[in-house]
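Engineer: Can you keep this structure in mind? I'll have questions shortly.
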Amino acid sequence: MTPHFTQSRLIRTPKDHRTSRVDAFKRWVNTKHGLSLKNYHDLHHYSVSDYTFWQDLWQYFNIVYSVPPETIVTEGRLPELRTWFPGARLNYAENVLRFNGDAIAVTAARETGQVAHYSFRELRRMVGGLAAAMRASGLQVGDRVAAVVTNSVDALAIALAAISLGAVFSSMAPDMGPQGVLGRYRQTGPRLVFFDTEVVYAGKTTDLTANIREVVEGLVPHGLRRAVLLPSTKTGKPVGFPGAPPVCQTLKDFVASGDGRPLEFEQLPFEHPVFIVYSSGTTGPPKCIVHCAGGLLLNGIKDGAFGSNLCPDQCYYQYTTAGWAVWNTMIPALACGARIILYDGSPFFPSIKSTLKIINDQGATVWGTSPRFFVELRSQGITSSHENTAELPAFESLQTIACSGSPLTAPMFEWIQGTFRDVYVYSIYGGTDTCAAFLTGVPSQPTYAGELQGKALGMAVELFDDAGRNAEDAGVPGELVCTRPHPVMPVALWGDDADDSTLRRTYFGRFPGVWHQGDFAVKNPRTGGLVVLGRSDGVLNPSGVRFGSAEVYGVLEQFHGTVADTLCVGQRRAQDAVERALLFVKMPPGRRLDDGLKARIRHAIRTQLSPRYLPAHIFQVDDIPYSANGKKIEMAVKKIISGLDFLAAGMALANPDSLKEYYKYRDYEGAVAREKAEESARL
């Protein structure tokens, strides 16, 4: 077995795969087409070899439309893209709001303890009121509506109202600074922007009116007609805003300006834009990625229904902000009839038990979060032995835990499965670029620690070597690509030139005609599972040996309790002939990274991976940088220590000051010499 799979142990076998929604769909496809697909792998092969699969989804999920499609797919405006379901007319919001009863659609919870429930009927009423006001303001099909808001029912209703009228919606979380907001919204030119005026996070209340003023004044020259101010998330009352720009008005006044017409849904093509999401902007202005209505709807329902068994008796809690693409992918859960929980605040305040209490008390059946939450949970002293989980709630409703945002290491995978026992745990791999999963959970398949169970249906995922040849069955790492078009590919990059050169260069430049996701992965020939090793532009390559940071993190899990956190990146400055791997270690308070611990870390990497994976040096640092959504910021550190320019202004960082420490490692030799001198002084 290769070093990538030494920890790939069987940790779950499904009790009855016939009860999963994906297995029911397989039986439906067999009946409809007279096929004999036996398992998920057969179903996946069908999904990437016959475009009829996407029509099957349309019918199986009962997509609401006013005009049926003429065909499934035709040639697109670019050789790499296709036109999907030409002739069809539908509305994304109408499908999301297809339920109109008194069942709870949304539970909105805040770290302050506030909890409110909204039925499908009430949600439709909110959307209708906002849509009427947007219509009265002159909003037209194709106009942009933007928001800087928390994860709330208001944010959801604003998005659906805009989309019901044919507008294009985008959002960011309030932790994004004014320059980050302007760097994105100046490109897209929104006509309306909604703002939270005051937020509470980790017990701290922040007045956002100064930020709002700066953003509004910066957007008026770019087409902004009206800025709508939401009330305080703590009191529900308007926040005082002396001298507010003239285009500002309160949400209450805005809704009151509506024309009173009932909620209607503009009927538009399958590929009409509905969302704009943004790249991180670490190397320049953020890319504005445009996603279409039909693609996000059809694929979003598929991912939720088949990965997590979402249906009307399910309750879905996804920790996210309104600025993360997961927020967009969460919305189609409503089209499955599921209830969603929208949580605003820190998942760790006043303690990590607060999040666990919400999940338990609200009867969540599906829990989506990032690996970082479980790292923190484990650090609280909870172990995988059943005797020590008494502090955990009963979780009588919880059926599924879905991890996304970063790779889930094998030891952490085992810990979660052991701690939550009979709950189905799986890892998801996707991206902002598609707002979709490429690799996902398969409830009907066994689970192996550290592995993503399978390729998502409809996604022709392969692993290419540098020459563009499929290398996945050899058990060696390769570039993750998608070799067949699908309807969740972005329809455009906003502001791209007439021949879409930026889109083609970004996604199809590495392997002509083939979507290149930019990640390094490896497939287990024995289990069929896959392990994502990290960004291919961030893959470590010391002396020509390529490996991913996720492999190192997996080995270092055994030092939990001794080590607080780690970051492994490559460094190659202009004067360096080859790249070196550096390991940065954050220690628990009051503890020092000594030579003995360094030796143990090296021994673990050498014996459990390979001597070629050893870092050139191990440094102790004060903190490891994370994004607001729980991802380690590897590329930023790599750029900084390699002497390259890095633009932090456009990124939402959980701990932005942590990056300052890494600039000193540009002088690698000096850093090593200083460490030796400090060690000598201690002796």
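In the structure tokens, each chain is lettered A, B, ... as it comes, each chain's residues begin at 1, and ligands are numbered from 1 in order of appearance.
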Using only C-alpha atoms, determine which residues lie at most 6 Å from stretch 461-463 of chain A, disregarding the query and same-chain residues fewer than 3 positions distant; provide the list as a list in words.

Structural biologist: Asn470, Ala471, Glu472, Gly478, Glu479, Leu480, Val481 and Cys482 of chain A

Engineer: List every residue of stretch 237-439 of chain A that DSSP, applied to the backbone, labels as strand (DSSP E or B), and write the result as a count of residues only.

Structural biologist: 44

Engineer: Just want the 6 Å neighbourhood of stretch 571-575 of chain A, counted on only C-alpha atoms, with same-chain residues fewer than 2 positions away dropped. Output as a list in words.

Structural biologist: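 These residues fall inside the cut-off: Glu579, Arg580 and Ser642 of chain A.
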
Engineer: Emit the selected residues as an mmCIF file, in the first residue's frame, including N, CA and C atoms.

Structural biologist:
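Everything below was put into part18.cif:
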data_model
loop_
_atom_site.group_PDB
_atom_site.id
_atom_site.type_symbol
_atom_site.label_atom_id
_atom_site.label_comp_id
_atom_site.auth_asym_id
_atom_site.auth_seq_id
_atom_site.Cartn_x
_atom_site.Cartn_y
_atom_site.Cartn_z
ATOM 1 N N GLU A 579 12.808 24.060 -4.104
ATOM 2 C CA GLU A 579 11.876 24.375 -3.023
ATOM 3 C C GLU A 579 12.225 23.573 -1.781
ATOM 4 N N ARG A 580 11.958 24.163 -0.619
ATOM 5 C CA ARG A 580 12.076 23.434 0.644
ATOM 6 C C ARG A 580 10.709 23.426 1.319
ATOM 7 N N SER A 642 8.006 33.218 0.526
ATOM 8 C CA SER A 642 8.769 33.104 -0.715
ATOM 9 C C SER A 642 9.091 34.465 -1.315
#

Engineer: Using only C-alpha atoms, which residue out of A:Gly630, A:Gly337, A:Pro656, A:Gly307 lies closest to A:Trp324?

Structural biologist: A:Gly630

Engineer: Can you pull out every residue within 8 Å of stretch 616-620 of chain A, counting only C-alpha atoms, but drop anything in the same chain fewer than 2 positions away, and send it as a short mmCIF file (atom, residue, chain, number, x, y, z; two decimals) with C-alpha atoms, in the first residue's frame?

Structural biologist:
data_model
loop_
_atom_site.label_atom_id
_atom_site.label_comp_id
_atom_site.auth_asym_id
_atom_site.auth_seq_id
_atom_site.Cartn_x
_atom_site.Cartn_y
_atom_site.Cartn_z
CA ARG A 580 12.08 23.43 0.64
CA ALA A 581 9.22 22.30 2.86
CA LEU A 582 8.75 24.19 6.13
CA LEU A 583 6.59 23.08 9.04
CA PHE A 584 5.18 25.73 11.38
CA VAL A 585 3.93 24.53 14.76
CA LYS A 586 1.68 26.34 17.21
CA MET A 587 2.10 25.06 20.75
CA ARG A 592 7.79 25.22 23.92
CA LEU A 593 8.69 23.28 20.80
CA LYS A 598 10.93 18.01 16.74
CA LEU A 614 10.58 15.64 5.88
CA ASP A 622 2.37 32.08 17.73
#

Engineer: Which residues come within 9 Å of A:Gln179, counting only C-alpha atoms, excluding same-chain residues fewer than 2 positions away, as a PyMOL selection string?

Structural biologist: chain A and resi 176-177+181-184+214-215+649-650

Engineer: Do a neighbour search on A:Phe438 at 8 Å with only C-alpha atoms, toss out local chain neighbours closer than 5 positions, and write the hits as JSON, numbers by chain.

Structural biologist: {"A": [428, 429, 430, 455, 456, 459, 461]}

Engineer: DSSP on the backbone, alpha helix (DSSP H) only: what residues of stretch 90-292 of chain A does that give? Format it as an NGL selection string.

Structural biologist: :A and (92-96 or 120-136 or 153-164 or 178-188 or 209-219 or 251-256)

Engineer: List the neighbours of stretch 519-529 of chain A out to 8 Å using only C-alpha atoms; skip same-chain residues closer than 3 positions along the sequence, and give me the result as a ChimeraX atom specification.

Structural biologist: /A:4-5,448,451-454,463,472-480,532-537,539,548

Engineer: One decimal, Å: what's the distance from atom CA of A:Ser346 over to atom CA of A:Pro589, could you say?

Structural biologist: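 Separation of atom CA of A:Ser346 and atom CA of A:Pro589: 21.9 Å.
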
Engineer: Atom CA of A:Ala210 and atom CA of A:Glu198 are how many Å apart?

Structural biologist: 10.7 Å

Engineer: Please measure the separation of atom CA of A:Phe373 and atom CA of A:Ser279, giving the value in Å to one decimal.

Structural biologist: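 Separation of atom CA of A:Phe373 and atom CA of A:Ser279: 23.4 Å.
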
Engineer: Which one is closest to A:Leu298: A:Arg469, A:Arg186, A:Lys237, A:His486? Count only C-alpha atoms.

Structural biologist: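 Distance minimum relative to A:Leu298 lands on A:His486.
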
Engineer: Have a look at A:Cys288, A:Leu342, A:Val277, A:Leu10 and name the one nearest to A:Ala410; count only C-alpha atoms.

Structural biologist: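 Looking only at the distances to A:Ala410, the closest residue turns out to be A:Leu10.
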
Engineer: Smallest atom-to-atom distance to A:Ala338: which of A:Ala467, A:Leu97, A:Cys435, A:Gly240, using only C-alpha atoms?

Structural biologist: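 Among the listed residues, the smallest separation from A:Ala338 belongs to A:Leu97.
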